[in-house]
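Peer 1: I have a structure I would like to understand better, so I am pasting it below and will then ask my questions one at a time.
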Amino acid sequence: MTAPLPDQEFVNLLDIHAQLELPDGMRAELIGGEIVISPTPANFHNWIFSELNLQLVREVPTQWRITNTTTVFLPATEERFIPDLLICESEALKSMEEWQVEASDVLLVAEITSPSTRARDLGAKVKGYAHSNVPIYLLIDPHHNEGSTTVYSAPDGKGRYRDEHRAAFGEPVTLPEPLGLTLDTAGFLK
């Protein structure tokens with residue numbers, strides 16, 4: 001993990017992040033004491049997102065909401081991640097002024113790797129989500145062999161998940177309670 005920034009430097013970084021005006025097709029995240037600007041996803045990435053979203057919409061209880069492009073504030077590391085998909089408490093999205101949700105309101109985050117994000121999705125983001133006790137991290141990786149889906153759960157609050165289960169695309173994966181549902185990853189195949 002990157003060493004924390006001195007307070008004033010971090011405040012300056014937060015101000016810069018909040019005021020960024022990015023060109024179309026770009027987004028900014030605060031990861032490991034750095035502002036990371038990356039392109040928006042490719043069409044296949046969005047296909048996987050759509051397949052995942054369709055499965056979850058049918059199964060997730062109504063007190064939770066499925067969304068994307070929402071910033072998750074990770075208090076343990078002061079990072080702000082924008083997962084590809086997240087499931088959070090309904091109430092967390094009702095503020096008209098707020099642009100981020102607290103990690104404590106999040107049940108699941110999902111990241112779909114791309115060549116430009118894969119290293120962060122497999123490294124810094126696993127640690128950041130686990131440090132702030134996000135219960136389930138779903139990593140969909142079309143760039144691992146023929147594609148794989150990994151479910152991380154039971155965060156230890158110290159940057160690690162105690163449980164990790166990986167399945168190749170085409171094999172089912174089970175999301176732990178309180179979701180307790182099985183995803184069909186066959187829809188993630190090209």
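Numbering starts fresh at 1 for the residues of each chain in the structure tokens, the chains themselves are lettered A, B, ... in the order given, and ligands are numbered from 1 as they appear.
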Pick out each residue of segment 29-133 of chain A that DSSP on the backbone tags as strand (DSSP E or B); I need them as an NGL selection string.

Peer 2: :A and (29-31 or 34-39 or 64-67 or 71-74 or 79-81 or 85-89 or 100-102 or 106-112)

Peer 1: Fewer than 6 positions away in the same chain doesn't count, so skip those; otherwise give me all residues within 12 Å of Pro23 of chain A, counting only C-alpha atoms, as a VMD selection string.

Peer 2: chain A and resid 37 to 40

Peer 1: As a PyMOL selection string, which residues of segment 67-187 of chain A does DSSP assign to alpha helix (DSSP H)?

Peer 2: chain A and resi 118-122+124-131

Peer 1: Kindly save the residues from that selection, with C-alpha atoms included, as a short mmCIF file (atom, residue, chain, number, x, y, z; two decimals), in the first residue's frame.

Peer 2:
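What follows is the written file result-v8.cif:
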data_model
loop_
_atom_site.label_atom_id
_atom_site.label_comp_id
_atom_site.auth_asym_id
_atom_site.auth_seq_id
_atom_site.Cartn_x
_atom_site.Cartn_y
_atom_site.Cartn_z
CA ARG A 118 -6.19 -5.08 -14.70
CA ALA A 119 -3.16 -4.54 -12.45
CA ARG A 120 -5.07 -2.11 -10.21
CA ASP A 121 -8.17 -4.32 -10.13
CA LEU A 122 -6.05 -7.31 -9.01
CA ALA A 124 -4.74 -1.95 -5.14
CA LYS A 125 -8.49 -2.40 -5.41
CA VAL A 126 -8.54 -5.79 -3.68
CA LYS A 127 -6.56 -4.27 -0.82
CA GLY A 128 -8.56 -1.05 -0.66
CA TYR A 129 -11.95 -2.76 -0.61
CA ALA A 130 -10.74 -5.30 1.99
CA HIS A 131 -9.24 -2.58 4.22
#

Peer 1: Of the residues A:Glu97, A:Glu29, A:Glu51, A:Asp84, which is the one nearest to Thr67 of chain A, using only C-alpha atoms?

Peer 2: A:Asp84

Peer 1: Rounded to one decimal, what separation in Å do you get between atom CA of Thr150 of chain A and atom CA of Val60 of chain A?

Peer 2: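 Spanning atom CA of Thr150 of chain A to atom CA of Val60 of chain A is a straight-line distance of 19.2 Å.
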
Peer 1: Compile the contact shell of His143 of chain A as a ChimeraX atom specification: residues with an atom at most 12 Å away, counting only C-alpha atoms, same-chain residues fewer than 2 positions apart removed.

Peer 2: /A:44-45,112-119,121-122,139-141,145-149,168-169,188-190

Peer 1: Please identify all polymer residues within 8 Å of Val101 of chain A, counting only C-alpha atoms, omitting same-chain residues fewer than 3 positions from it, and present them as an NGL selection string.

Peer 2: :A and (70-73 or 92-93 or 98 or 105-106)

Peer 1: Quick one: everything within 6 Å of Ile136 of chain A, counting only C-alpha atoms, minus sequence neighbours fewer than 3 positions away in the same chain. Send it as a ChimeraX atom specification.

Peer 2: /A:108,152-153

Peer 1: Which residue, A:Leu179, A:Met96, A:Leu56, A:Leu138, has the smallest gap to His165 of chain A when you use only C-alpha atoms?

Peer 2: A:Leu138

Peer 1: Set the distance at 8 Å and use only C-alpha atoms: which residues neighbour Ser90 of chain A once local chain neighbours fewer than 2 positions away are removed? I'd like the list as an mmCIF file with N, CA, C and O atoms, in the first residue's frame.

Peer 2:
data_model
loop_
_atom_site.group_PDB
_atom_site.id
_atom_site.type_symbol
_atom_site.label_atom_id
_atom_site.label_comp_id
_atom_site.auth_asym_id
_atom_site.auth_seq_id
_atom_site.Cartn_x
_atom_site.Cartn_y
_atom_site.Cartn_z
ATOM 1 N N THR A 62 -35.142 -5.663 -2.692
ATOM 2 C CA THR A 62 -35.423 -4.257 -2.990
ATOM 3 C C THR A 62 -34.791 -3.258 -2.033
ATOM 4 O O THR A 62 -34.701 -2.086 -2.378
ATOM 5 N N GLN A 63 -34.324 -3.664 -0.860
ATOM 6 C CA GLN A 63 -33.661 -2.701 0.022
ATOM 7 C C GLN A 63 -32.254 -2.355 -0.468
ATOM 8 O O GLN A 63 -31.615 -1.453 0.046
ATOM 9 N N TRP A 64 -31.783 -3.076 -1.484
ATOM 10 C CA TRP A 64 -30.490 -2.822 -2.098
ATOM 11 C C TRP A 64 -30.708 -2.265 -3.497
ATOM 12 O O TRP A 64 -31.703 -2.567 -4.142
ATOM 13 N N ARG A 65 -29.746 -1.495 -3.989
ATOM 14 C CA ARG A 65 -29.807 -0.966 -5.339
ATOM 15 C C ARG A 65 -28.533 -1.336 -6.083
ATOM 16 O O ARG A 65 -27.447 -1.371 -5.526
ATOM 17 N N CYS A 88 -25.589 -1.388 -3.202
ATOM 18 C CA CYS A 88 -25.525 -0.646 -1.948
ATOM 19 C C CYS A 88 -26.925 -0.463 -1.372
ATOM 20 O O CYS A 88 -27.930 -0.726 -2.038
ATOM 21 N N ALA A 92 -28.554 5.048 0.618
ATOM 22 C CA ALA A 92 -27.264 5.674 0.338
ATOM 23 C C ALA A 92 -27.274 6.480 -0.957
ATOM 24 O O ALA A 92 -26.446 7.368 -1.143
ATOM 25 N N LEU A 93 -28.217 6.194 -1.843
ATOM 26 C CA LEU A 93 -28.261 6.883 -3.139
ATOM 27 C C LEU A 93 -29.240 8.056 -3.186
ATOM 28 O O LEU A 93 -29.326 8.738 -4.193
ATOM 29 N N LYS A 94 -29.953 8.317 -2.108
ATOM 30 C CA LYS A 94 -31.032 9.303 -2.149
ATOM 31 C C LYS A 94 -30.607 10.755 -1.959
ATOM 32 O O LYS A 94 -31.412 11.645 -2.143
#

Peer 1: Tell me, as a list in words, which residues lie within 7 Å of Glu171 of chain A, counting only C-alpha atoms; anything in the same chain fewer than 6 positions away does not count.

Peer 2: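 So the residues in contact are Asp184, Thr185 and Ala186 of chain A.
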
Peer 1: With all heavy atoms retained, export the selected residues as a compact mmCIF listing (two decimals), in the first residue's frame.

Peer 2:
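The resulting file, again36.txt, is reproduced below:
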# COMPACT_ATOMS: atom_id res chain seq x y z
N ASP A 184 -24.45 -17.22 -13.47
CA ASP A 184 -24.11 -18.01 -14.65
C ASP A 184 -23.11 -17.20 -15.46
O ASP A 184 -23.48 -16.19 -16.07
CB ASP A 184 -25.38 -18.28 -15.45
CG ASP A 184 -25.11 -19.05 -16.74
OD1 ASP A 184 -23.94 -19.45 -16.96
OD2 ASP A 184 -26.06 -19.21 -17.52
N THR A 185 -21.86 -17.62 -15.48
CA THR A 185 -20.82 -16.85 -16.18
C THR A 185 -20.73 -17.19 -17.66
O THR A 185 -19.90 -16.63 -18.37
CB THR A 185 -19.45 -17.03 -15.51
OG1 THR A 185 -19.02 -18.37 -15.69
CG2 THR A 185 -19.50 -16.66 -14.05
N ALA A 186 -21.56 -18.09 -18.14
CA ALA A 186 -21.55 -18.43 -19.57
C ALA A 186 -21.84 -17.20 -20.43
O ALA A 186 -21.33 -17.08 -21.54
CB ALA A 186 -22.56 -19.54 -19.87

Peer 1: Pull the closest atom pair for each residue of segment 54-162 of chain A that gets at most 10 Å from segment 10-21 of chain A, along with the distance in Å to one decimal, counting only C-alpha atoms, ordering rows by chain and then ascending residue number, as JSON lines.

Peer 2:
{"residue": "A:Glu78", "atom": "CA", "partner": "A:Phe10", "partner_atom": "CA", "distance": 9.1}
{"residue": "A:Glu79", "atom": "CA", "partner": "A:Leu14", "partner_atom": "CA", "distance": 9.7}
{"residue": "A:Arg80", "atom": "CA", "partner": "A:Leu14", "partner_atom": "CA", "distance": 9.7}
{"residue": "A:Trp99", "atom": "CA", "partner": "A:Ala18", "partner_atom": "CA", "distance": 9.8}

Peer 1: Pull N, CA and C atoms from the residues just selected and write them as a PDB file, in the first residue's frame.

Peer 2:
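After the write, out_27.pdb holds the following:
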ATOM      1  N   GLU A  78      -8.725   6.221   2.778  1.00  0.00           N
ATOM      2  CA  GLU A  78      -9.071   7.539   2.225  1.00  0.00           C
ATOM      3  C   GLU A  78      -9.154   7.522   0.695  1.00  0.00           C
ATOM      4  N   GLU A  79      -9.221   6.344   0.093  1.00  0.00           N
ATOM      5  CA  GLU A  79      -9.297   6.240  -1.357  1.00  0.00           C
ATOM      6  C   GLU A  79     -10.737   6.400  -1.819  1.00  0.00           C
ATOM      7  N   ARG A  80     -10.900   6.693  -3.089  1.00  0.00           N
ATOM      8  CA  ARG A  80     -12.196   6.759  -3.740  1.00  0.00           C
ATOM      9  C   ARG A  80     -12.107   5.939  -5.010  1.00  0.00           C
ATOM     10  N   TRP A  99     -22.017  12.749  -4.000  1.00  0.00           N
ATOM     11  CA  TRP A  99     -21.533  12.075  -5.208  1.00  0.00           C
ATOM     12  C   TRP A  99     -20.816  10.771  -4.902  1.00  0.00           C
TER      13      TRP A  99
END

Peer 1: Expressed in Å to a single decimal, how great is the separation between atom CA of Thr174 of chain A and atom CA of Thr69 of chain A?

Peer 2: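 Calculated distance between atom CA of Thr174 of chain A and atom CA of Thr69 of chain A is 24.3 Å.
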
Peer 1: Tell me which of A:Gln8, A:Arg162, A:Leu85, A:Ile31 sits closest to Leu54 of chain A, counting only C-alpha atoms.

Peer 2: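 When distances to Leu54 of chain A are compared using only C-alpha atoms, the smallest one comes from A:Leu85.
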
Peer 1: For Leu181 of chain A, which residue among A:Pro83, A:Pro75, A:Gly159, A:Pro61 is the nearest when counting only C-alpha atoms?

Peer 2: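 Nearest candidate to Leu181 of chain A out of A:Pro83, A:Pro75, A:Gly159, A:Pro61: A:Pro61.
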
Peer 1: Counting only C-alpha atoms, which of A:Gly170, A:Val134, A:Gln100, A:Leu175 gets nearest to Val151 of chain A?

Peer 2: A:Leu175

Peer 1: Please measure the separation of atom CA of Met26 of chain A and atom CA of Ser132 of chain A, giving the value in Å to one decimal.

Peer 2: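 Computing the Euclidean distance for atom CA of Met26 of chain A and atom CA of Ser132 of chain A yields 26.0 Å.
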